[in-house]
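Undergrad: What follows is the file protein_3.txt, containing compact mmCIF, C-alpha atoms:
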# COMPACT_ATOMS: atom_id res chain seq x y z
CA MET A 1 91.46 96.21 139.53
CA ALA A 2 92.28 92.64 138.44
CA PHE A 3 91.19 89.86 140.77
CA ARG A 4 93.88 87.61 142.26
CA PHE A 5 92.96 84.08 143.29
CA GLN A 6 94.94 82.85 146.31
CA ARG A 7 94.41 79.90 148.59
CA CYS A 8 96.13 78.08 151.43
CA ILE A 9 95.61 74.34 151.83
CA THR A 10 96.78 71.75 154.33
CA LEU A 11 97.64 68.29 153.07
CA ALA A 12 97.25 65.29 155.34
CA PRO A 13 100.32 63.15 155.98
CA GLY A 14 100.77 59.92 154.06
CA ALA A 15 103.93 57.92 154.54
CA ARG A 16 105.83 59.08 157.61
CA LEU A 17 109.50 59.96 157.42
CA SER A 18 110.33 57.12 159.79
CA LEU A 19 108.71 54.12 158.17
CA SER A 20 108.81 51.02 160.35
CA ARG A 21 106.68 48.18 161.57
CA PRO A 22 107.50 47.12 165.12
CA GLY A 23 106.85 43.45 164.52
CA VAL A 24 105.98 40.58 162.24
CA SER A 25 104.21 37.25 162.59
CA VAL A 26 105.93 33.96 161.95
CA THR A 27 104.65 30.38 162.04
CA ILE A 28 106.99 28.05 163.92
CA PRO A 29 107.05 24.31 163.07
CA ALA A 30 106.20 21.77 165.76
CA LEU A 31 108.87 21.82 168.45
CA GLU A 32 110.22 18.70 170.08
CA ALA A 33 110.39 20.49 173.41
CA HIS A 34 106.85 21.75 173.19
CA ALA A 35 104.18 19.59 174.74
CA CYS A 36 101.48 20.29 172.17
CA GLN A 37 103.67 19.17 169.22
CA GLU A 38 101.79 21.62 166.97
CA ALA A 39 102.85 24.49 164.76
CA LEU A 40 102.84 27.83 166.58
CA THR A 41 102.11 31.32 165.30
CA LEU A 42 104.26 33.81 167.18
CA GLU A 43 104.54 37.57 167.08
CA LEU A 44 108.06 38.94 166.85
CA LEU A 45 108.45 42.50 168.15
CA VAL A 46 111.63 44.41 167.37
CA ASP A 47 112.53 47.26 169.71
CA GLU A 48 114.38 50.49 168.88
CA GLN A 49 117.73 48.77 169.34
CA GLY A 50 116.82 45.87 167.08
CA TYR A 51 116.39 43.21 169.77
CA VAL A 52 113.60 40.68 169.24
CA SER A 53 110.93 39.69 171.77
CA TYR A 54 108.61 36.72 171.21
CA PHE A 55 104.90 36.60 172.00
CA TYR A 56 102.22 33.96 171.61
CA ALA A 57 99.15 34.66 169.48
CA ASP A 58 97.19 35.66 172.61
CA GLY A 59 99.76 38.36 173.42
CA SER A 60 101.46 36.59 176.32
CA PRO A 61 105.28 36.63 176.25
CA VAL A 62 107.31 33.54 175.47
CA ASP A 63 109.59 32.62 178.40
CA GLU A 64 113.33 32.45 177.85
CA ALA A 65 113.49 28.63 177.73
CA ASP A 66 110.84 28.45 175.02
CA ALA A 67 112.44 31.38 173.20
CA ARG A 68 115.71 29.44 173.00
CA ALA A 69 113.83 26.44 171.62
CA VAL A 70 112.09 28.68 169.06
CA ARG A 71 115.39 30.16 167.90
CA ARG A 72 116.96 26.71 167.68
CA HIS A 73 114.18 24.99 165.73
CA ALA A 74 112.91 27.86 163.58
CA GLU A 75 116.00 29.93 162.87
CA ASP A 76 115.43 30.00 159.09
CA ALA A 77 111.79 31.13 159.38
CA ILE A 78 112.68 33.85 161.89
CA ARG A 79 115.65 35.02 159.85
CA GLN A 80 113.49 35.29 156.74
CA GLN A 81 110.88 37.40 158.52
CA LEU A 82 113.51 39.65 160.09
CA GLN A 83 115.19 40.11 156.73
CA GLU A 84 111.88 41.20 155.21
CA LEU A 85 111.29 43.62 158.08
CA CYS A 86 114.80 45.02 157.62
CA GLU A 87 114.17 45.58 153.91
CA GLN A 88 110.82 47.25 154.64
CA ARG A 89 112.40 49.70 157.05
CA ASN A 90 115.19 50.55 154.65
CA ALA A 91 112.77 50.79 151.72
CA GLY A 92 111.03 53.67 153.49
CA LEU A 93 114.39 55.40 153.70
CA THR A 94 115.06 54.86 149.99
CA CYS A 95 111.62 56.12 148.96
CA LEU A 96 112.26 59.50 150.56
CA GLY A 97 114.86 60.23 147.91
CA GLU A 98 112.82 58.80 145.04
CA LEU A 99 109.56 60.67 145.44
CA HIS A 100 109.85 62.08 141.90
CA HIS A 101 109.62 58.58 140.38
CA ASP A 102 105.82 58.76 140.63
CA THR A 103 105.47 62.11 138.83
CA PRO A 104 102.58 61.98 136.31
CA VAL A 105 103.11 62.55 132.60
CA PRO A 106 101.88 66.06 131.65
CA ALA A 107 99.93 64.65 128.69
CA LEU A 108 97.73 62.60 131.06
CA THR A 109 95.26 65.39 131.73
CA GLY A 110 91.53 65.18 132.17
CA TYR A 111 89.08 63.17 134.21
CA VAL A 112 89.89 59.61 135.27
CA PRO A 113 86.80 57.69 136.52
CA GLN A 114 86.88 56.18 140.00
CA PRO A 115 84.80 53.08 140.77
CA PHE A 116 82.36 52.82 143.65
CA VAL A 117 84.07 50.16 145.75
CA ASP A 118 81.35 49.62 148.37
CA PRO A 119 79.56 46.37 147.39
CA PRO A 120 75.79 46.06 147.88
CA PRO A 121 74.56 44.02 150.83
CA GLY A 122 73.98 40.35 150.14
CA VAL A 123 70.46 39.00 149.76
CA PRO A 124 69.57 37.06 152.91
CA ALA A 125 68.89 33.35 152.68
CA LEU A 126 65.37 33.10 154.10
CA ARG A 127 64.55 29.83 155.82
CA SER A 128 61.56 27.94 154.49
CA PRO A 129 59.18 26.38 156.99
CA ALA A 130 59.92 22.74 157.77
CA LEU A 131 57.21 20.12 157.40
CA TRP A 132 56.54 20.01 161.13
CA HIS A 133 56.02 23.81 161.18
CA TRP A 134 52.73 23.24 159.36
CA LEU A 135 51.67 21.03 162.19
CA TRP A 136 52.68 23.56 164.84
CA PRO A 137 51.41 27.08 163.85
CA PRO A 138 53.30 29.02 166.61
CA ALA A 139 56.63 27.66 165.29
CA LYS A 140 55.61 28.54 161.74
CA ARG A 141 54.77 32.11 162.81
CA ARG A 142 58.15 32.47 164.56
CA ARG A 143 59.93 31.34 161.40
CA GLU A 144 57.92 33.81 159.32
CA LYS A 145 58.74 36.65 161.75
CA GLU A 146 62.46 35.78 161.61
CA ASN A 147 62.35 35.85 157.82
CA ALA A 148 60.47 39.17 157.89
CA ARG A 149 63.10 40.72 160.20
CA CYS A 150 65.92 39.50 157.95
CA GLN A 151 64.18 40.84 154.85
CA ALA A 152 63.47 44.20 156.50
CA ALA A 153 67.09 44.52 157.65
CA PHE A 154 68.28 43.72 154.13
CA GLU A 155 65.95 46.25 152.54
CA GLU A 156 67.10 48.97 154.96
CA ALA A 157 70.76 48.14 154.33
CA TYR A 158 70.13 48.21 150.59
CA ARG A 159 68.42 51.59 150.81
CA GLN A 160 71.42 52.96 152.73
CA TRP A 161 73.75 51.51 150.11
CA GLU A 162 71.70 53.13 147.33
CA TRP A 163 71.99 56.50 149.13
CA ARG A 164 75.76 56.12 149.44
CA LYS A 165 76.06 55.17 145.79
CA ALA A 166 73.85 58.07 144.69
CA GLU A 167 75.99 60.49 146.71
CA PHE A 168 79.14 58.98 145.20
CA ASP A 169 77.73 59.21 141.67
CA ALA A 170 76.77 62.85 142.21
CA ALA A 171 80.22 63.69 143.55
CA GLU A 172 81.84 61.78 140.70
CA PHE A 173 79.75 63.64 138.12
CA ALA A 174 80.74 66.96 139.71
CA ARG A 175 84.39 65.90 139.63
CA GLU A 176 84.07 64.93 135.97
CA GLN A 177 82.64 68.36 135.13
CA ARG A 178 85.32 70.05 137.22
CA GLU A 179 88.29 68.12 135.82
CA SER A 180 87.09 68.00 132.22
CA GLN A 181 85.81 71.55 131.81
CA GLY A 182 86.21 73.67 134.93
CA VAL A 183 90.00 73.31 135.13
CA TRP A 184 90.36 75.39 131.97
CA ASP A 185 89.00 78.67 133.30
CA ASP A 186 87.26 78.26 136.68
CA PHE A 187 89.59 79.23 139.55
CA ASP A 188 87.56 77.33 142.16
CA ALA A 189 87.56 74.17 140.02
CA MET A 190 91.31 74.54 139.45
CA ALA A 191 91.94 74.97 143.18
CA GLN A 192 89.83 71.97 144.21
CA THR A 193 91.32 69.74 141.52
CA LEU A 194 94.86 70.69 142.52
CA HIS A 195 94.07 70.10 146.20
CA GLU A 196 92.69 66.62 145.46
CA ARG A 197 95.65 65.66 143.29
CA LEU A 198 98.22 66.97 145.75
CA ASN A 199 96.55 64.93 148.48
CA GLU A 200 97.44 61.80 146.50
CA ILE A 201 101.13 62.43 147.27
CA ALA A 202 102.55 60.57 150.29
CA TRP A 203 103.54 63.67 152.23
CA PRO A 204 105.91 62.92 155.14
CA ARG A 205 103.92 65.08 157.54
CA GLU A 206 101.01 67.49 157.54
CA THR A 207 102.08 69.98 154.90
CA ALA A 208 100.85 73.54 154.40
CA MET A 209 100.86 74.90 150.89
CA ASP A 210 99.94 78.29 149.46
CA PHE A 211 99.20 78.83 145.80
CA ASP A 212 98.46 81.97 143.84
CA LEU A 213 96.81 81.88 140.42
CA GLY A 214 97.37 85.57 139.95
CA THR A 215 95.00 87.33 137.60
CA ASP A 216 94.53 84.57 135.01
CA GLU A 217 94.63 80.79 134.70
CA ARG A 218 97.91 80.59 132.76
CA THR A 219 100.32 81.05 135.68
CA ILE A 220 100.48 79.72 139.23
CA ALA A 221 102.90 80.19 142.12
CA VAL A 222 103.14 77.48 144.79
CA ASP A 223 104.87 77.70 148.19
CA ILE A 224 105.66 74.38 149.92
CA ASP A 225 106.21 74.10 153.67
CA LEU A 226 109.14 71.66 153.65
CA PRO A 227 110.16 69.31 156.49
CA GLY A 228 113.14 70.30 158.57
CA GLU A 229 116.47 68.58 158.14
CA ASP A 230 116.16 67.14 161.64
CA GLU A 231 113.05 65.21 160.50
CA MET A 232 115.11 62.97 158.23
CA PRO A 233 115.77 59.43 159.51
CA ALA A 234 119.11 59.22 161.30
CA ARG A 235 119.72 55.49 160.88
CA GLU A 236 119.26 52.47 158.66
CA TRP A 237 119.04 48.78 159.52
CA THR A 238 121.23 45.75 158.90
CA MET A 239 120.95 42.11 159.92
CA PRO A 240 123.93 40.35 161.53
CA ALA A 241 125.01 37.10 159.92
CA LYS A 242 124.99 35.09 163.15
CA ARG A 243 122.35 36.73 165.34
CA LEU A 244 118.56 36.87 165.14
CA LYS A 245 118.17 40.61 165.55
CA LEU A 246 118.36 43.85 163.59
CA THR A 247 121.17 46.31 164.07
CA PRO A 248 120.60 50.06 163.73
CA LYS A 249 123.38 51.85 161.88
CA LYS A 250 123.76 55.60 162.14
CA ILE A 251 123.59 57.45 158.84
CA SER A 252 126.46 59.85 158.25
CA VAL A 253 125.76 63.57 158.29
CA THR A 254 126.81 63.81 154.62
CA ARG A 255 124.42 61.08 153.54
CA GLN A 256 121.61 62.51 155.67
CA ARG A 257 122.03 65.87 153.98
CA LYS A 258 121.99 64.20 150.57
CA LEU A 259 118.78 62.39 151.49
CA TYR A 260 117.24 65.67 152.65
CA ARG A 261 118.38 67.45 149.48
CA ASP A 262 116.94 64.71 147.25
CA HIS A 263 113.69 64.58 149.21
CA ILE A 264 112.83 68.27 149.19
CA HIS A 265 113.66 68.59 145.49
CA GLY A 266 111.57 65.48 144.82
CA LEU A 267 108.64 67.23 146.50
CA ALA A 268 108.99 70.19 144.14
CA PHE A 269 109.21 67.81 141.17
CA ARG A 270 105.98 66.07 142.21
CA VAL A 271 104.14 69.36 142.71
CA LEU A 272 105.24 70.56 139.27
CA GLY A 273 104.03 67.29 137.79
CA ALA A 274 100.65 67.53 139.52
CA VAL A 275 100.08 71.10 138.29
CA PHE A 276 101.01 70.45 134.67
CA ALA A 277 99.08 67.16 134.52
CA ARG A 278 95.87 68.39 136.18
CA LEU A 279 95.67 72.05 135.21
CA PRO A 280 95.92 72.06 131.39
CA ALA A 281 95.46 75.83 131.07
CA VAL A 282 98.55 76.57 133.20
CA GLN A 283 101.57 77.41 131.06
CA GLU A 284 104.02 78.50 133.75
CA VAL A 285 104.57 77.31 137.33
CA ARG A 286 106.69 78.88 140.03
CA VAL A 287 107.40 76.48 142.89
CA SER A 288 109.24 77.63 146.00
CA GLY A 289 110.14 75.60 149.06
CA TYR A 290 110.74 76.92 152.55
CA ARG A 291 111.31 75.54 156.02
CA GLN A 292 110.54 76.99 159.41
CA VAL A 293 113.68 78.19 161.21
CA THR A 294 114.35 80.21 164.35
CA ASP A 295 115.93 83.57 163.65
CA ALA A 296 119.19 83.85 165.58
CA VAL A 297 118.76 87.61 166.01
CA THR A 298 115.13 87.93 167.11
CA GLY A 299 114.34 84.39 168.30
CA THR A 300 111.18 84.34 166.18
CA VAL A 301 110.23 81.61 163.72
CA ARG A 302 110.51 82.65 160.08
CA LYS A 303 110.40 81.12 156.62
CA GLN A 304 113.74 80.24 155.09
CA TYR A 305 113.34 79.73 151.35
CA LEU A 306 115.68 77.05 150.01
CA TYR A 307 114.80 77.10 146.32
CA SER A 308 112.50 78.77 143.83
CA ILE A 309 111.92 77.28 140.38
CA LYS A 310 110.21 78.85 137.36
CA VAL A 311 109.10 76.30 134.74
CA SER A 312 107.17 76.64 131.48
CA ARG A 313 105.01 73.81 130.16
CA LYS A 314 107.14 73.68 127.01
CA HIS A 315 110.33 73.03 129.00
CA TRP A 316 108.62 70.63 131.42
CA GLU A 317 107.45 68.41 128.55
CA ARG A 318 111.08 67.83 127.50
CA ILE A 319 111.59 65.53 130.47
CA HIS A 320 111.56 61.80 129.64
CA PHE A 321 108.81 60.65 132.01
CA ASP A 322 109.34 57.02 130.99
CA ALA A 323 112.83 57.16 132.53
CA LEU A 324 112.33 59.11 135.75
CA GLU A 325 114.66 56.77 137.62
CA GLN A 326 117.43 58.33 135.53
CA VAL A 327 116.41 61.87 136.49
CA ASP A 328 118.25 63.59 139.33
CA PRO A 329 115.67 65.76 141.15
CA VAL A 330 118.45 68.06 142.40
CA ALA A 331 120.03 68.61 138.97
CA ALA A 332 116.72 68.76 137.02
CA PRO A 333 115.75 72.30 138.19
CA GLU A 334 119.01 73.61 136.72
CA ALA A 335 117.43 73.18 133.27
CA PHE A 336 114.81 75.78 134.27
CA THR A 337 115.00 79.25 135.80
CA LEU A 338 116.31 78.56 139.29
CA ARG A 339 117.13 80.46 142.46
CA ARG A 340 119.06 78.32 144.91
CA ASP A 341 122.13 78.81 147.08
CA MET A 342 123.30 75.33 148.05
CA THR A 343 126.75 73.93 148.66
CA LYS A 344 127.92 70.62 147.20
CA THR A 345 127.38 69.00 150.60
CA GLY A 346 123.73 70.10 150.77
CA ILE A 347 123.93 73.16 153.02
CA PHE A 348 121.34 75.80 152.07
CA ARG A 349 121.44 79.57 152.43
CA ASP A 350 118.48 81.96 152.14
CA ILE A 351 117.19 83.01 148.73
CA GLU A 352 114.44 85.38 147.55
CA PRO A 353 111.67 83.38 145.85
CA PHE A 354 109.97 84.21 142.57
CA LYS A 355 106.64 86.01 142.94
CA LEU A 356 103.76 86.59 140.57
CA VAL A 357 103.60 90.24 139.56
Kindly return the structure encoded in the file as structure tokens.
TA:
Amino acid sequence: MAFRFQRCITLAPGARLSLSRPGVSVTIPALEAHACQEALTLELLVDEQGYVSYFYADGSPVDEADARAVRRHAEDAIRQQLQELCEQRNAGLTCLGELHHDTPVPALTGYVPQPFVDPPPGVPALRSPALWHWLWPPAKRRREKENARCQAAFEEAYRQWEWRKAEFDAAEFAREQRESQGVWDDFDAMAQTLHERLNEIAWPRETAMDFDLGTDERTIAVDIDLPGEDEMPAREWTMPAKRLKLTPKKISVTRQRKLYRDHIHGLAFRVLGAVFARLPAVQEVRVSGYRQVTDAVTGTVRKQYLYSIKVSRKHWERIHFDALEQVDPVAAPEAFTLRRDMTKTGIFRDIEPFKLV
């Protein structure tokens, strides 16, 4: 009987679906009404409705009279910071539909070295005895003991750093062997390499994924646990021309469905890219995406498959990876073998996914 290699992995979340920072810091010029006549650094917190609250650097709230003075004297600085915050929140929304832009080129296979970023501890500056220490031996001994403690602490810290670096170097050497040689025919090396590369993707939530290498290293089937449509952001942000606040604007159902459609297809695109770039022996990939839904008949939770894509390496390499911003992640699978039942407005119906025989 042929051996089948199957594995289930869980990928940690990266960027959340709702990307937002609640506040920003802004430095306010000296205010005429403020007694200290000095520049102030304030924290601006924006609530869920877009209204701004002002806090001093120590966390205490700014009273309404001072808040009016702040808005009057530092309107431009506040408006600039709020505009940046507005763009940051909306950028997270845009990125959900452009996940495929970061897909690696399939030719970029093999091991890529990673540096050891932990710097060694600094050598302590030992204090030399002063002239009077020679005249007072107890003081000289105290200075020598202080220097000895500093030197001992440094040597211990350096030994710990050497251990960390040795462990890193050993792990890096193992990764080099795995990604340079093992990925060609070692199922465990292929699985670990794929897991590490998939973890580099900014998944919107903790994502379960099953993959099946079948009976050889030339084919792989991947199942992606997709987010639900209700996990898509329901609003975007604008900034009024005459008010220092942000205004939430509800996203239409049609646009929300389009965002969901683009996002889940972008996930498939990224997974395909990771497999073809990191597993050079794989010649065909079958990626299927499903979401968890409640069955209306039984009330149980089941998998609803939304798409299933079969792609050969030869066809995948026809994509222009230097112009991914021109690639539509929803239309791209149509160039491959595709199972998908989706309306023009982004409503999905169940399909039967491809399986490895």
Undergrad: Can you tell me, as a ChimeraX atom specification, what residues are no more than 7 Å from Ser312 of chain A when counting all atoms listed in the file, ignoring any on the same chain fewer than 6 positions away?
TA: /A:283-285
Undergrad: Put those residues in a file: C-alpha atoms, as a CSV table (one decimal), in the frame of the given file.
TA:
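As written to disk, selection.csv reads:
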chain,number,residue,atom,x,y,z
A,283,GLN,CA,101.6,77.4,131.1
A,284,GLU,CA,104.0,78.5,133.8
A,285,VAL,CA,104.6,77.3,137.3
Undergrad: Between atom CA of Gly289 of chain A and atom CA of Pro329 of chain A, what is the distance in Å, rounded to a tenth?
TA: 13.8 Å
Undergrad: Write out as a list in words the residues lying within 10 Å of Thr94 of chain A, counting all atoms listed in the file and excluding same-chain residues fewer than 6 positions away.
TA: Gln88, Glu236, Leu259 and His263 of chain A
Undergrad: Can you tell me how far atom CA of Trp237 of chain A sits from atom CA of Tyr54 of chain A, in Å to one decimal?
TA: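 So the two atoms, atom CA of Trp237 of chain A and atom CA of Tyr54 of chain A, lie 19.8 Å apart.
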Undergrad: Using only C-alpha atoms, which protein or nucleic acid residues come within 8 Å of Ile220 of chain A? Drop anything in the same chain fewer than 2 positions from it, and give the result as a ChimeraX atom specification.
TA: /A:211-214,217-218,222,282,284-286,356
Undergrad: As an exercise, work out the distance from atom CA of Trp184 of chain A to atom CA of Glu200 of chain A in Å and give it to one decimal place.
TA: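 Interatomic distance here is 21.1 Å.
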Undergrad: At a cut-off of 10 Å, using all atoms listed in the file, what residues contact Asp102 of chain A? Leave out same-chain residues fewer than 6 positions from it and give the result as a PDB file with C-alpha atoms, in the frame of the given file.
TA:
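To be explicit, this is the file written out as selection_5.pdb:
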ATOM      1  CA  ILE A 201     101.130  62.430 147.270  1.00  0.00           C
ATOM      2  CA  GLY A 266     111.570  65.480 144.820  1.00  0.00           C
ATOM      3  CA  PHE A 269     109.210  67.810 141.170  1.00  0.00           C
ATOM      4  CA  ARG A 270     105.980  66.070 142.210  1.00  0.00           C
ATOM      5  CA  GLY A 273     104.030  67.290 137.790  1.00  0.00           C
ATOM      6  CA  PHE A 321     108.810  60.650 132.010  1.00  0.00           C
ATOM      7  CA  LEU A 324     112.330  59.110 135.750  1.00  0.00           C
ATOM      8  CA  GLU A 325     114.660  56.770 137.620  1.00  0.00           C
TER       9      GLU A 325
END
Undergrad: Take every atom of segment 330-333 of chain A listed in the file, fit an axis-aligned box around them, add 6 Å per side, and give the centre and edge lengths in Å to one decimal as JSON.
TA:
{"center_x": 117.9, "center_y": 70.2, "center_z": 139.7, "size_x": 16.3, "size_y": 16.2, "size_z": 17.4}
Undergrad: Between A:Leu246, A:Ala296, A:Ala335, A:Ala67, single out the one closest to Arg89 of chain A, counting all atoms listed in the file.
TA: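 Result for the nearest residue to Arg89 of chain A: A:Leu246.
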Undergrad: Please complete segment 266-297 of chain A with N, CA and C atoms and give it back as a compact mmCIF listing (two decimals), in the frame of the given file.
TA:
# COMPACT_ATOMS: atom_id res chain seq x y z
N GLY A 266 112.58 66.41 145.33
CA GLY A 266 111.57 65.48 144.82
C GLY A 266 110.16 65.98 145.07
N LEU A 267 109.94 66.64 146.21
CA LEU A 267 108.64 67.23 146.50
C LEU A 267 108.28 68.29 145.46
N ALA A 268 109.24 69.15 145.14
CA ALA A 268 108.99 70.19 144.14
C ALA A 268 108.68 69.56 142.79
N PHE A 269 109.42 68.51 142.44
CA PHE A 269 109.21 67.81 141.17
C PHE A 269 107.79 67.26 141.09
N ARG A 270 107.33 66.64 142.19
CA ARG A 270 105.98 66.07 142.21
C ARG A 270 104.91 67.15 142.11
N VAL A 271 105.12 68.28 142.78
CA VAL A 271 104.14 69.36 142.71
C VAL A 271 104.07 69.91 141.29
N LEU A 272 105.22 70.12 140.66
CA LEU A 272 105.24 70.56 139.27
C LEU A 272 104.48 69.59 138.38
N GLY A 273 104.72 68.30 138.59
CA GLY A 273 104.03 67.29 137.79
C GLY A 273 102.53 67.32 137.98
N ALA A 274 102.09 67.49 139.24
CA ALA A 274 100.65 67.53 139.52
C ALA A 274 100.00 68.73 138.86
N VAL A 275 100.66 69.89 138.88
CA VAL A 275 100.08 71.10 138.29
C VAL A 275 99.97 70.95 136.78
N PHE A 276 101.04 70.54 136.13
CA PHE A 276 101.01 70.45 134.67
C PHE A 276 100.09 69.33 134.17
N ALA A 277 99.94 68.26 134.95
CA ALA A 277 99.08 67.16 134.52
C ALA A 277 97.61 67.45 134.76
N ARG A 278 97.28 68.21 135.80
CA ARG A 278 95.87 68.39 136.18
C ARG A 278 95.29 69.75 135.84
N LEU A 279 96.16 70.71 135.56
CA LEU A 279 95.67 72.05 135.21
C LEU A 279 96.15 72.39 133.80
N PRO A 280 95.43 71.93 132.77
CA PRO A 280 95.92 72.06 131.39
C PRO A 280 96.06 73.50 130.91
N ALA A 281 95.36 74.44 131.52
CA ALA A 281 95.46 75.83 131.07
C ALA A 281 96.74 76.51 131.57
N VAL A 282 97.35 75.96 132.62
CA VAL A 282 98.55 76.57 133.20
C VAL A 282 99.74 76.37 132.26
N GLN A 283 100.41 77.45 131.94
CA GLN A 283 101.57 77.41 131.06
C GLN A 283 102.88 77.68 131.78
N GLU A 284 102.80 78.24 132.99
CA GLU A 284 104.02 78.50 133.75
C GLU A 284 103.76 78.29 135.24
N VAL A 285 104.68 77.60 135.90
CA VAL A 285 104.57 77.31 137.33
C VAL A 285 105.81 77.83 138.04
N ARG A 286 105.59 78.44 139.18
CA ARG A 286 106.69 78.88 140.03
C ARG A 286 106.55 78.19 141.38
N VAL A 287 107.45 77.26 141.65
CA VAL A 287 107.40 76.48 142.89
C VAL A 287 108.55 76.90 143.79
N SER A 288 108.23 77.24 145.02
CA SER A 288 109.24 77.63 146.00
C SER A 288 109.06 76.78 147.25
N GLY A 289 110.18 76.40 147.84
CA GLY A 289 110.14 75.60 149.06
C GLY A 289 110.82 76.31 150.20
N TYR A 290 110.17 76.28 151.37
CA TYR A 290 110.74 76.92 152.55
C TYR A 290 110.61 76.00 153.75
N ARG A 291 111.43 76.25 154.74
CA ARG A 291 111.31 75.54 156.02
C ARG A 291 111.24 76.56 157.14
N GLN A 292 110.69 76.12 158.26
CA GLN A 292 110.54 76.99 159.41
C GLN A 292 111.83 76.96 160.22
N VAL A 293 112.44 78.11 160.43
CA VAL A 293 113.68 78.19 161.21
C VAL A 293 113.53 79.29 162.27
N THR A 294 114.34 79.19 163.30
CA THR A 294 114.35 80.21 164.35
C THR A 294 115.41 81.25 164.02
N ASP A 295 115.00 82.49 163.95
CA ASP A 295 115.93 83.57 163.65
C ASP A 295 116.88 83.77 164.82
N ALA A 296 118.18 83.73 164.53
CA ALA A 296 119.19 83.85 165.58
C ALA A 296 119.22 85.23 166.21
N VAL A 297 118.72 86.23 165.50
CA VAL A 297 118.76 87.61 166.01
C VAL A 297 117.55 87.90 166.89
